[in-house]
file input_38.pdb (PDB, N, CA and C atoms)
ATOM      1  N   MET A 193       0.857  -1.171   0.000
ATOM      2  CA  MET A 193       0.000   0.000   0.000
ATOM      3  C   MET A 193       0.900   1.229   0.000
ATOM      4  N   ASN A 194       0.614   2.183  -0.882
ATOM      5  CA  ASN A 194       1.409   3.401  -0.916
ATOM      6  C   ASN A 194       0.818   4.447   0.038
ATOM      7  N   MET A 195       1.536   5.565   0.209
ATOM      8  CA  MET A 195       1.134   6.567   1.187
ATOM      9  C   MET A 195      -0.180   7.249   0.815
ATOM     10  N   VAL A 196      -0.417   7.515  -0.473
ATOM     11  CA  VAL A 196      -1.672   8.158  -0.869
ATOM     12  C   VAL A 196      -2.850   7.266  -0.477
ATOM     13  N   GLU A 197      -2.744   5.976  -0.756
ATOM     14  CA  GLU A 197      -3.812   5.052  -0.378
ATOM     15  C   GLU A 197      -3.965   4.986   1.136
ATOM     16  N   LYS A 198      -2.851   4.957   1.845
ATOM     17  CA  LYS A 198      -2.905   4.886   3.308
ATOM     18  C   LYS A 198      -3.646   6.092   3.891
ATOM     19  N   VAL A 199      -3.337   7.289   3.379
ATOM     20  CA  VAL A 199      -4.001   8.501   3.861
ATOM     21  C   VAL A 199      -5.471   8.498   3.429
ATOM     22  N   ALA A 200      -5.748   8.080   2.191
ATOM     23  CA  ALA A 200      -7.133   8.020   1.719
ATOM     24  C   ALA A 200      -7.950   7.056   2.570
ATOM     25  N   ARG A 201      -7.353   5.937   2.938
ATOM     26  CA  ARG A 201      -8.057   4.980   3.803
ATOM     27  C   ARG A 201      -8.301   5.569   5.192
ATOM     28  N   ALA A 202      -7.343   6.332   5.696
ATOM     29  CA  ALA A 202      -7.537   6.973   7.006
ATOM     30  C   ALA A 202      -8.684   7.984   6.938
ATOM     31  N   ILE A 203      -8.769   8.730   5.836
ATOM     32  CA  ILE A 203      -9.865   9.691   5.665
ATOM     33  C   ILE A 203     -11.198   8.947   5.570
ATOM     34  N   ALA A 204     -11.230   7.867   4.788
ATOM     35  CA  ALA A 204     -12.457   7.069   4.679
ATOM     36  C   ALA A 204     -12.850   6.507   6.039
ATOM     37  N   HIS A 205     -11.865   6.063   6.788
ATOM     38  CA  HIS A 205     -12.134   5.531   8.135
ATOM     39  C   HIS A 205     -12.742   6.611   9.014
ATOM     40  N   SER A 206     -12.204   7.816   8.907
ATOM     41  CA  SER A 206     -12.742   8.941   9.680
ATOM     42  C   SER A 206     -14.193   9.207   9.299
ATOM     43  N   HIS A 207     -14.489   9.191   8.013
ATOM     44  CA  HIS A 207     -15.862   9.404   7.558
ATOM     45  C   HIS A 207     -16.760   8.263   8.007
ATOM     46  N   GLY A 208     -16.274   7.047   7.909
ATOM     47  CA  GLY A 208     -17.045   5.888   8.332
ATOM     48  C   GLY A 208     -17.321   5.893   9.821
ATOM     49  N   SER A 209     -16.395   6.421  10.605
ATOM     50  CA  SER A 209     -16.565   6.486  12.059
ATOM     51  C   SER A 209     -17.738   7.379  12.429
ATOM     52  N   LYS A 210     -17.980   8.394  11.617
ATOM     53  CA  LYS A 210     -19.120   9.282  11.864
ATOM     54  C   LYS A 210     -20.429   8.530  11.673
ATOM     55  N   ILE A 211     -20.415   7.552  10.792
ATOM     56  CA  ILE A 211     -21.615   6.761  10.504
ATOM     57  C   ILE A 211     -21.814   5.676  11.557
ATOM     58  N   THR A 212     -20.728   4.993  11.920
ATOM     59  CA  THR A 212     -20.834   3.834  12.802
ATOM     60  C   THR A 212     -20.783   4.194  14.280
ATOM     61  N   GLY A 213     -20.420   5.417  14.604
ATOM     62  CA  GLY A 213     -20.367   5.835  15.997
ATOM     63  C   GLY A 213     -18.987   5.683  16.582
ATOM     64  N   PRO A 214     -18.887   5.832  17.915
ATOM     65  CA  PRO A 214     -17.577   5.820  18.561
ATOM     66  C   PRO A 214     -16.841   4.497  18.350
ATOM     67  N   GLY A 215     -15.560   4.600  18.400
ATOM     68  CA  GLY A 215     -14.702   3.434  18.219
ATOM     69  C   GLY A 215     -13.293   3.910  18.036
ATOM     70  N   ARG A 216     -12.513   3.142  17.310
ATOM     71  CA  ARG A 216     -11.131   3.527  17.053
ATOM     72  C   ARG A 216     -11.111   4.622  15.992
ATOM     73  N   HIS A 217     -10.462   5.721  16.302
ATOM     74  CA  HIS A 217     -10.459   6.847  15.381
ATOM     75  C   HIS A 217      -9.066   7.267  14.957
ATOM     76  N   ARG A 218      -8.025   6.661  15.491
ATOM     77  CA  ARG A 218      -6.669   7.052  15.103
ATOM     78  C   ARG A 218      -6.262   6.275  13.866
ATOM     79  N   ALA A 219      -5.564   6.975  12.964
ATOM     80  CA  ALA A 219      -5.103   6.311  11.747
ATOM     81  C   ALA A 219      -4.204   5.131  12.080
ATOM     82  N   SER A 220      -3.476   5.196  13.192
ATOM     83  CA  SER A 220      -2.573   4.101  13.557
ATOM     84  C   SER A 220      -3.351   2.839  13.923
ATOM     85  N   ASP A 221      -4.642   2.984  14.218
ATOM     86  CA  ASP A 221      -5.477   1.824  14.524
ATOM     87  C   ASP A 221      -6.071   1.195  13.267
ATOM     88  N   GLU A 222      -5.762   1.790  12.128
ATOM     89  CA  GLU A 222      -6.373   1.402  10.859
ATOM     90  C   GLU A 222      -6.344  -0.100  10.611
ATOM     91  N   PHE A 223      -5.235  -0.741  10.921
ATOM     92  CA  PHE A 223      -5.114  -2.161  10.633
ATOM     93  C   PHE A 223      -5.248  -3.019  11.885
ATOM     94  N   ALA A 224      -5.728  -2.399  12.954
ATOM     95  CA  ALA A 224      -5.893  -3.139  14.203
ATOM     96  C   ALA A 224      -7.344  -3.571  14.406
ATOM     97  N   TRP A 225      -8.188  -3.415  13.386
ATOM     98  CA  TRP A 225      -9.578  -3.805  13.529
ATOM     99  C   TRP A 225      -9.669  -5.311  13.710
ATOM    100  N   ASP A 226     -10.630  -5.726  14.512
ATOM    101  CA  ASP A 226     -10.855  -7.152  14.653
ATOM    102  C   ASP A 226     -12.157  -7.499  13.929
ATOM    103  N   ALA A 227     -12.624  -8.730  14.080
ATOM    104  CA  ALA A 227     -13.807  -9.190  13.347
ATOM    105  C   ALA A 227     -15.041  -8.342  13.654
ATOM    106  N   SER A 228     -15.118  -7.753  14.832
ATOM    107  CA  SER A 228     -16.279  -6.938  15.180
ATOM    108  C   SER A 228     -16.306  -5.635  14.386
ATOM    109  N   HIS A 229     -15.232  -5.346  13.680
ATOM    110  CA  HIS A 229     -15.158  -4.127  12.883
ATOM    111  C   HIS A 229     -15.246  -4.430  11.387
ATOM    112  N   ASP A 230     -15.868  -5.559  11.036
ATOM    113  CA  ASP A 230     -16.007  -5.941   9.633
ATOM    114  C   ASP A 230     -16.708  -4.876   8.806
ATOM    115  N   TYR A 231     -17.740  -4.266   9.383
ATOM    116  CA  TYR A 231     -18.470  -3.254   8.633
ATOM    117  C   TYR A 231     -17.545  -2.095   8.268
ATOM    118  N   MET A 232     -16.729  -1.660   9.215
ATOM    119  CA  MET A 232     -15.828  -0.538   8.955
ATOM    120  C   MET A 232     -14.806  -0.918   7.893
ATOM    121  N   ARG A 233     -14.260  -2.106   7.975
ATOM    122  CA  ARG A 233     -13.294  -2.570   6.978
ATOM    123  C   ARG A 233     -13.938  -2.559   5.592
ATOM    124  N   GLN A 234     -15.160  -3.056   5.494
ATOM    125  CA  GLN A 234     -15.859  -3.073   4.216
ATOM    126  C   GLN A 234     -16.137  -1.652   3.731
ATOM    127  N   TYR A 235     -16.511  -0.781   4.651
ATOM    128  CA  TYR A 235     -16.769   0.617   4.294
ATOM    129  C   TYR A 235     -15.508   1.264   3.713
ATOM    130  N   VAL A 236     -14.388   1.086   4.400
ATOM    131  CA  VAL A 236     -13.129   1.680   3.940
ATOM    132  C   VAL A 236     -12.717   1.074   2.602
ATOM    133  N   ASP A 237     -12.799  -0.244   2.473
ATOM    134  CA  ASP A 237     -12.438  -0.895   1.211
ATOM    135  C   ASP A 237     -13.284  -0.367   0.052
ATOM    136  N   LYS A 238     -14.545  -0.068   0.329
ATOM    137  CA  LYS A 238     -15.453   0.405  -0.712
ATOM    138  C   LYS A 238     -15.252   1.886  -1.048
ATOM    139  N   HIS A 239     -14.903   2.711  -0.040
ATOM    140  CA  HIS A 239     -14.941   4.161  -0.219
ATOM    141  C   HIS A 239     -13.591   4.870  -0.250
ATOM    142  N   TRP A 240     -12.482   4.177  -0.012
ATOM    143  CA  TRP A 240     -11.210   4.899   0.108
ATOM    144  C   TRP A 240     -10.834   5.632  -1.166
ATOM    145  N   LYS A 241     -11.161   5.099  -2.334
ATOM    146  CA  LYS A 241     -10.777   5.757  -3.589
ATOM    147  C   LYS A 241     -11.445   7.121  -3.754
ATOM    148  N   GLU A 242     -12.592   7.313  -3.100
ATOM    149  CA  GLU A 242     -13.281   8.602  -3.149
ATOM    150  C   GLU A 242     -12.462   9.699  -2.462
ATOM    151  N   HIS A 243     -11.495   9.295  -1.662
ATOM    152  CA  HIS A 243     -10.711  10.238  -0.864
ATOM    153  C   HIS A 243      -9.268  10.387  -1.355
ATOM    154  N   GLU A 244      -8.937   9.789  -2.502
ATOM    155  CA  GLU A 244      -7.577   9.890  -3.033
ATOM    156  C   GLU A 244      -7.162  11.331  -3.295
ATOM    157  N   HIS A 245      -8.065  12.114  -3.865
ATOM    158  CA  HIS A 245      -7.749  13.504  -4.188
ATOM    159  C   HIS A 245      -7.430  14.286  -2.903
ATOM    160  N   ALA A 246      -8.258  14.122  -1.878
ATOM    161  CA  ALA A 246      -8.019  14.802  -0.592
ATOM    162  C   ALA A 246      -6.721  14.309   0.039
ATOM    163  N   ALA A 247      -6.441  13.019  -0.094
ATOM    164  CA  ALA A 247      -5.210  12.459   0.468
ATOM    165  C   ALA A 247      -3.989  13.074  -0.191
ATOM    166  N   ARG A 248      -4.022  13.195  -1.509
ATOM    167  CA  ARG A 248      -2.900  13.790  -2.233
ATOM    168  C   ARG A 248      -2.684  15.232  -1.777
ATOM    169  N   PHE A 249      -3.762  16.007  -1.640
ATOM    170  CA  PHE A 249      -3.638  17.389  -1.185
ATOM    171  C   PHE A 249      -3.097  17.452   0.242
ATOM    172  N   ALA A 250      -3.523  16.533   1.097
ATOM    173  CA  ALA A 250      -3.028  16.513   2.474
ATOM    174  C   ALA A 250      -1.526  16.241   2.508
ATOM    175  N   ILE A 251      -1.085  15.286   1.711
ATOM    176  CA  ILE A 251       0.346  14.966   1.666
ATOM    177  C   ILE A 251       1.127  16.137   1.085
ATOM    178  N   GLU A 252       0.594  16.763   0.028
ATOM    179  CA  GLU A 252       1.269  17.919  -0.561
ATOM    180  C   GLU A 252       1.380  19.063   0.456
ATOM    181  N   ALA A 253       0.353  19.250   1.292
ATOM    182  CA  ALA A 253       0.388  20.304   2.303
ATOM    183  C   ALA A 253       1.482  20.040   3.336
ATOM    184  N   MET A 254       1.783  18.767   3.579
ATOM    185  CA  MET A 254       2.816  18.412   4.560
ATOM    186  C   MET A 254       4.222  18.531   3.988
ATOM    187  N   ARG A 255       4.323  18.779   2.686
ATOM    188  CA  ARG A 255       5.635  18.814   2.048
ATOM    189  C   ARG A 255       6.543  19.882   2.632
ATOM    190  N   GLU A 256       5.986  21.022   2.962
ATOM    191  CA  GLU A 256       6.773  22.118   3.537
ATOM    192  C   GLU A 256       6.737  21.990   5.063
ATOM    193  N   PRO A 257       7.833  21.573   5.674
ATOM    194  CA  PRO A 257       7.819  21.350   7.125
ATOM    195  C   PRO A 257       7.766  22.660   7.907
ATOM    196  N   THR A 258       7.221  22.567   9.099
ATOM    197  CA  THR A 258       7.246  23.704  10.008
ATOM    198  C   THR A 258       8.643  23.792  10.625
ATOM    199  N   GLU A 259       8.931  24.915  11.249
ATOM    200  CA  GLU A 259      10.235  25.061  11.917
ATOM    201  C   GLU A 259      10.421  23.984  12.982
ATOM    202  N   ASP A 260       9.348  23.670  13.706
ATOM    203  CA  ASP A 260       9.442  22.630  14.733
ATOM    204  C   ASP A 260       9.804  21.281  14.120
ATOM    205  N   MET A 261       9.249  21.005  12.970
ATOM    206  CA  MET A 261       9.557  19.742  12.310
ATOM    207  C   MET A 261      11.008  19.710  11.859
ATOM    208  N   VAL A 262      11.483  20.823  11.304
ATOM    209  CA  VAL A 262      12.887  20.895  10.878
ATOM    210  C   VAL A 262      13.789  20.695  12.090
ATOM    211  N   GLN A 263      13.454  21.350  13.182
ATOM    212  CA  GLN A 263      14.252  21.219  14.404
ATOM    213  C   GLN A 263      14.227  19.785  14.924
ATOM    214  N   ALA A 264      13.064  19.174  14.890
ATOM    215  CA  ALA A 264      12.950  17.784  15.345
ATOM    216  C   ALA A 264      13.792  16.860  14.470
ATOM    217  N   GLY A 265      13.773  17.106  13.164
ATOM    218  CA  GLY A 265      14.589  16.300  12.260
ATOM    219  C   GLY A 265      16.066  16.469  12.546
ATOM    220  N   TRP A 266      16.453  17.702  12.843
ATOM    221  CA  TRP A 266      17.845  17.969  13.164
ATOM    222  C   TRP A 266      18.222  17.287  14.479
ATOM    223  N   CYS A 267      17.370  17.434  15.472
ATOM    224  CA  CYS A 267      17.662  16.843  16.786
ATOM    225  C   CYS A 267      17.685  15.315  16.730
ATOM    226  N   ALA A 268      16.816  14.753  15.899
ATOM    227  CA  ALA A 268      16.756  13.293  15.789
ATOM    228  C   ALA A 268      18.056  12.721  15.275
ATOM    229  N   ASN A 269      18.778  13.485  14.502
ATOM    230  CA  ASN A 269      20.006  12.985  13.913
ATOM    231  C   ASN A 269      21.247  13.542  14.615
ATOM    232  N   ASN A 270      21.059  14.440  15.536
ATOM    233  CA  ASN A 270      22.184  15.055  16.254
ATOM    234  C   ASN A 270      22.902  13.992  17.080
ATOM    235  N   GLY A 271      24.194  14.019  17.014
ATOM    236  CA  GLY A 271      24.977  13.069  17.813
ATOM    237  C   GLY A 271      25.349  11.818  17.048
ATOM    238  N   GLU A 272      24.785  11.623  15.856
ATOM    239  CA  GLU A 272      25.177  10.483  15.053
ATOM    240  C   GLU A 272      26.326  10.890  14.146
ATOM    241  N   ASP A 273      26.866   9.938  13.444
ATOM    242  CA  ASP A 273      27.993  10.229  12.561
ATOM    243  C   ASP A 273      27.648  11.284  11.515
ATOM    244  N   ARG A 274      26.440  11.256  11.022
ATOM    245  CA  ARG A 274      26.030  12.195   9.984
ATOM    246  C   ARG A 274      24.909  13.072  10.509
ATOM    247  N   ASN A 275      25.137  14.351  10.637
ATOM    248  CA  ASN A 275      24.122  15.274  11.122
ATOM    249  C   ASN A 275      23.498  15.970   9.928
ATOM    250  N   LEU A 276      22.186  15.828   9.759
ATOM    251  CA  LEU A 276      21.510  16.424   8.620
ATOM    252  C   LEU A 276      21.485  17.946   8.677
ATOM    253  N   GLY A 277      21.443  18.512   9.879
ATOM    254  CA  GLY A 277      21.309  19.966  10.002
ATOM    255  C   GLY A 277      19.941  20.403   9.537
ATOM    256  N   GLY A 278      19.630  21.689   9.701
ATOM    257  CA  GLY A 278      18.308  22.205   9.358
ATOM    258  C   GLY A 278      17.957  22.030   7.899
ATOM    259  N   ASP A 279      18.838  22.447   6.989
ATOM    260  CA  ASP A 279      18.543  22.340   5.562
ATOM    261  C   ASP A 279      18.475  20.887   5.114
ATOM    262  N   GLY A 280      19.336  20.058   5.651
ATOM    263  CA  GLY A 280      19.327  18.642   5.287
ATOM    264  C   GLY A 280      18.060  17.945   5.759
ATOM    265  N   ALA A 281      17.603  18.283   6.967
ATOM    266  CA  ALA A 281      16.370  17.683   7.491
ATOM    267  C   ALA A 281      15.184  18.099   6.626
ATOM    268  N   LYS A 282      15.160  19.370   6.221
ATOM    269  CA  LYS A 282      14.074  19.853   5.362
ATOM    270  C   LYS A 282      14.108  19.128   4.027
ATOM    271  N   GLU A 283      15.285  18.996   3.460
ATOM    272  CA  GLU A 283      15.415  18.317   2.173
ATOM    273  C   GLU A 283      15.007  16.847   2.301
ATOM    274  N   ALA A 284      15.424  16.208   3.385
ATOM    275  CA  ALA A 284      15.062  14.801   3.602
ATOM    276  C   ALA A 284      13.542  14.656   3.705
ATOM    277  N   TRP A 285      12.903  15.554   4.450
ATOM    278  CA  TRP A 285      11.437  15.530   4.612
ATOM    279  C   TRP A 285      10.769  15.687   3.240
ATOM    280  N   GLN A 286      11.214  16.661   2.461
ATOM    281  CA  GLN A 286      10.602  16.910   1.167
ATOM    282  C   GLN A 286      10.809  15.732   0.223
ATOM    283  N   LEU A 287      11.962  15.117   0.285
ATOM    284  CA  LEU A 287      12.215  13.947  -0.548
ATOM    285  C   LEU A 287      11.298  12.790  -0.153
ATOM    286  N   MET A 288      11.058  12.623   1.144
ATOM    287  CA  MET A 288      10.152  11.564   1.605
ATOM    288  C   MET A 288       8.726  11.827   1.132
ATOM    289  N   ILE A 289       8.270  13.085   1.238
ATOM    290  CA  ILE A 289       6.924  13.421   0.776
ATOM    291  C   ILE A 289       6.829  13.254  -0.738
ATOM    292  N   ASP A 290       7.852  13.726  -1.463
ATOM    293  CA  ASP A 290       7.868  13.554  -2.916
ATOM    294  C   ASP A 290       7.756  12.080  -3.288
ATOM    295  N   ALA A 291       8.493  11.257  -2.562
ATOM    296  CA  ALA A 291       8.457   9.811  -2.834
ATOM    297  C   ALA A 291       7.065   9.256  -2.576
ATOM    298  N   ALA A 292       6.413   9.695  -1.499
ATOM    299  CA  ALA A 292       5.062   9.241  -1.208
ATOM    300  C   ALA A 292       4.089   9.644  -2.301
ATOM    301  N   LEU A 293       4.244  10.851  -2.818
ATOM    302  CA  LEU A 293       3.355  11.324  -3.884
ATOM    303  C   LEU A 293       3.607  10.589  -5.201
ATOM    304  N   LYS A 294       4.845  10.217  -5.436
ATOM    305  CA  LYS A 294       5.188   9.503  -6.687
ATOM    306  C   LYS A 294       4.692   8.061  -6.658
ATOM    307  N   GLU A 295       4.476   7.507  -5.456
ATOM    308  CA  GLU A 295       4.059   6.112  -5.351
ATOM    309  C   GLU A 295       2.759   5.853  -6.109
ATOM    310  N   HIS A 296       1.922   6.864  -6.203
ATOM    311  CA  HIS A 296       0.596   6.645  -6.795
ATOM    312  C   HIS A 296       0.358   7.587  -7.976
ATOM    313  N   ALA A 297       1.416   8.047  -8.587
ATOM    314  CA  ALA A 297       1.265   8.996  -9.717
ATOM    315  C   ALA A 297       0.797   8.300 -10.965
TER     316      ALA A 297
END

call {"tool": "encode", "arguments": {"input": "input_38.pdb", "output": "structure tokens"}}
result
Amino acid sequence: MNMVEKVARAIAHSHGSKITGPGRHRASDEFAWDASHDYMRQYVDKHWKEHEHAARFAIEAMREPTEDMVQAGWCANNGEDRNLGGDGAKEAWQLMIDAALKEHA
């Protein structure tokens, strides 16, 4: 599954949750459904493609990191042999987002 599909499925899950009521609402729970969540799985499988366009826009919006994200990227690599620094962390983030967008082009 590529990133566009993953985000589209998370959006579909969010929409489906409004229909089915309270339950698991975090995208990280997406694949943790058990048999009692068959309806939600079927809903997402049926409707995720309707959300591909929104998913692509969401990923594109994340392409430009915030200063906090750049700092976090820098700090995450600080102390290792290779330090990305602010510009390197930004470039790495953008390359990752670009790769996610290319997965479903």

call {"tool": "closest_residue", "arguments": {"input": "input_38.pdb", "among": "A:Ile289, A:Ser209, A:Val199, A:Lys294", "to": "Arg255 (chain A)", "atoms": "all atoms listed in the file"}}
result
A:Ile289

call {"tool": "residues_around", "arguments": {"input": "input_38.pdb", "residues": "Leu287 (chain A)", "least_positions_apart": "5", "cutoff": "12 Å", "atoms": "only C-alpha atoms", "output": "MDAnalysis selection string"}}
result
chainID A and resid 252 254:257 280:282 292:294

call {"tool": "closest_residue", "arguments": {"input": "input_38.pdb", "among": "A:Ala264, A:His205, A:Ala200, A:Thr258", "to": "Lys241 (chain A)", "atoms": "all atoms listed in the file"}}
result
A:Ala200

call {"tool": "atom_distance", "arguments": {"input": "input_38.pdb", "atom1": "atom N of Val196 (chain A)", "atom2": "atom C of Asp230 (chain A)"}}
result
22.5 Å

call {"tool": "atom_distance", "arguments": {"input": "input_38.pdb", "atom1": "atom N of Glu259 (chain A)", "atom2": "CA of Trp285 (chain A)"}}
result
11.8 Å

call {"tool": "resolve_selection", "arguments": {"input": "input_38.pdb", "expression": "the PyMOL selection byres ((chain A and resi 243) around 7)", "output": "JSON list (two decimals) with N, CA and C atoms, keeping the file's coordinate frame"}}
result
[["chain", "number", "residue", "atom", "x", "y", "z"],
["A", 199, "VAL", "N", -3.34, 7.29, 3.38],
["A", 199, "VAL", "CA", -4.00, 8.50, 3.86],
["A", 199, "VAL", "C", -5.47, 8.50, 3.43],
["A", 200, "ALA", "N", -5.75, 8.08, 2.19],
["A", 200, "ALA", "CA", -7.13, 8.02, 1.72],
["A", 200, "ALA", "C", -7.95, 7.06, 2.57],
["A", 201, "ARG", "N", -7.35, 5.94, 2.94],
["A", 201, "ARG", "CA", -8.06, 4.98, 3.80],
["A", 201, "ARG", "C", -8.30, 5.57, 5.19],
["A", 203, "ILE", "N", -8.77, 8.73, 5.84],
["A", 203, "ILE", "CA", -9.86, 9.69, 5.66],
["A", 203, "ILE", "C", -11.20, 8.95, 5.57],
["A", 204, "ALA", "N", -11.23, 7.87, 4.79],
["A", 204, "ALA", "CA", -12.46, 7.07, 4.68],
["A", 204, "ALA", "C", -12.85, 6.51, 6.04],
["A", 239, "HIS", "N", -14.90, 2.71, -0.04],
["A", 239, "HIS", "CA", -14.94, 4.16, -0.22],
["A", 239, "HIS", "C", -13.59, 4.87, -0.25],
["A", 240, "TRP", "N", -12.48, 4.18, -0.01],
["A", 240, "TRP", "CA", -11.21, 4.90, 0.11],
["A", 240, "TRP", "C", -10.83, 5.63, -1.17],
["A", 241, "LYS", "N", -11.16, 5.10, -2.33],
["A", 241, "LYS", "CA", -10.78, 5.76, -3.59],
["A", 241, "LYS", "C", -11.44, 7.12, -3.75],
["A", 242, "GLU", "N", -12.59, 7.31, -3.10],
["A", 242, "GLU", "CA", -13.28, 8.60, -3.15],
["A", 242, "GLU", "C", -12.46, 9.70, -2.46],
["A", 244, "GLU", "N", -8.94, 9.79, -2.50],
["A", 244, "GLU", "CA", -7.58, 9.89, -3.03],
["A", 244, "GLU", "C", -7.16, 11.33, -3.30],
["A", 245, "HIS", "N", -8.06, 12.11, -3.86],
["A", 245, "HIS", "CA", -7.75, 13.50, -4.19],
["A", 245, "HIS", "C", -7.43, 14.29, -2.90],
["A", 246, "ALA", "N", -8.26, 14.12, -1.88],
["A", 246, "ALA", "CA", -8.02, 14.80, -0.59],
["A", 246, "ALA", "C", -6.72, 14.31, 0.04],
["A", 247, "ALA", "N", -6.44, 13.02, -0.09],
["A", 247, "ALA", "CA", -5.21, 12.46, 0.47],
["A", 247, "ALA", "C", -3.99, 13.07, -0.19],
["A", 248, "ARG", "N", -4.02, 13.20, -1.51],
["A", 248, "ARG", "CA", -2.90, 13.79, -2.23],
["A", 248, "ARG", "C", -2.68, 15.23, -1.78]]

call {"tool": "atom_distance", "arguments": {"input": "input_38.pdb", "atom1": "CA of Met193 (chain A)", "atom2": "CA of Glu295 (chain A)"}}
result
9.1 Å

call {"tool": "decode", "arguments": {"input": "input_38.pdb", "residues": "region 240-254 of chain A", "atoms": "N, CA and C atoms", "output": "PDB file, in the first residue's frame"}}
result
ATOM      1  N   TRP A 240     -12.482   4.177  -0.012  1.00  0.00           N
ATOM      2  CA  TRP A 240     -11.210   4.899   0.108  1.00  0.00           C
ATOM      3  C   TRP A 240     -10.834   5.632  -1.166  1.00  0.00           C
ATOM      4  N   LYS A 241     -11.161   5.099  -2.334  1.00  0.00           N
ATOM      5  CA  LYS A 241     -10.777   5.757  -3.589  1.00  0.00           C
ATOM      6  C   LYS A 241     -11.445   7.121  -3.754  1.00  0.00           C
ATOM      7  N   GLU A 242     -12.592   7.313  -3.100  1.00  0.00           N
ATOM      8  CA  GLU A 242     -13.281   8.602  -3.149  1.00  0.00           C
ATOM      9  C   GLU A 242     -12.462   9.699  -2.462  1.00  0.00           C
ATOM     10  N   HIS A 243     -11.495   9.295  -1.662  1.00  0.00           N
ATOM     11  CA  HIS A 243     -10.711  10.238  -0.864  1.00  0.00           C
ATOM     12  C   HIS A 243      -9.268  10.387  -1.355  1.00  0.00           C
ATOM     13  N   GLU A 244      -8.937   9.789  -2.502  1.00  0.00           N
ATOM     14  CA  GLU A 244      -7.577   9.890  -3.033  1.00  0.00           C
ATOM     15  C   GLU A 244      -7.162  11.331  -3.295  1.00  0.00           C
ATOM     16  N   HIS A 245      -8.065  12.114  -3.865  1.00  0.00           N
ATOM     17  CA  HIS A 245      -7.749  13.504  -4.188  1.00  0.00           C
ATOM     18  C   HIS A 245      -7.430  14.286  -2.903  1.00  0.00           C
ATOM     19  N   ALA A 246      -8.258  14.122  -1.878  1.00  0.00           N
ATOM     20  CA  ALA A 246      -8.019  14.802  -0.592  1.00  0.00           C
ATOM     21  C   ALA A 246      -6.721  14.309   0.039  1.00  0.00           C
ATOM     22  N   ALA A 247      -6.441  13.019  -0.094  1.00  0.00           N
ATOM     23  CA  ALA A 247      -5.210  12.459   0.468  1.00  0.00           C
ATOM     24  C   ALA A 247      -3.989  13.074  -0.191  1.00  0.00           C
ATOM     25  N   ARG A 248      -4.022  13.195  -1.509  1.00  0.00           N
ATOM     26  CA  ARG A 248      -2.900  13.790  -2.233  1.00  0.00           C
ATOM     27  C   ARG A 248      -2.684  15.232  -1.777  1.00  0.00           C
ATOM     28  N   PHE A 249      -3.762  16.007  -1.640  1.00  0.00           N
ATOM     29  CA  PHE A 249      -3.638  17.389  -1.185  1.00  0.00           C
ATOM     30  C   PHE A 249      -3.097  17.452   0.242  1.00  0.00           C
ATOM     31  N   ALA A 250      -3.523  16.533   1.097  1.00  0.00           N
ATOM     32  CA  ALA A 250      -3.028  16.513   2.474  1.00  0.00           C
ATOM     33  C   ALA A 250      -1.526  16.241   2.508  1.00  0.00           C
ATOM     34  N   ILE A 251      -1.085  15.286   1.711  1.00  0.00           N
ATOM     35  CA  ILE A 251       0.346  14.966   1.666  1.00  0.00           C
ATOM     36  C   ILE A 251       1.127  16.137   1.085  1.00  0.00           C
ATOM     37  N   GLU A 252       0.594  16.763   0.028  1.00  0.00           N
ATOM     38  CA  GLU A 252       1.269  17.919  -0.561  1.00  0.00           C
ATOM     39  C   GLU A 252       1.380  19.063   0.456  1.00  0.00           C
ATOM     40  N   ALA A 253       0.353  19.250   1.292  1.00  0.00           N
ATOM     41  CA  ALA A 253       0.388  20.304   2.303  1.00  0.00           C
ATOM     42  C   ALA A 253       1.482  20.040   3.336  1.00  0.00           C
ATOM     43  N   MET A 254       1.783  18.767   3.579  1.00  0.00           N
ATOM     44  CA  MET A 254       2.816  18.412   4.560  1.00  0.00           C
ATOM     45  C   MET A 254       4.222  18.531   3.988  1.00  0.00           C
TER      46      MET A 254
END
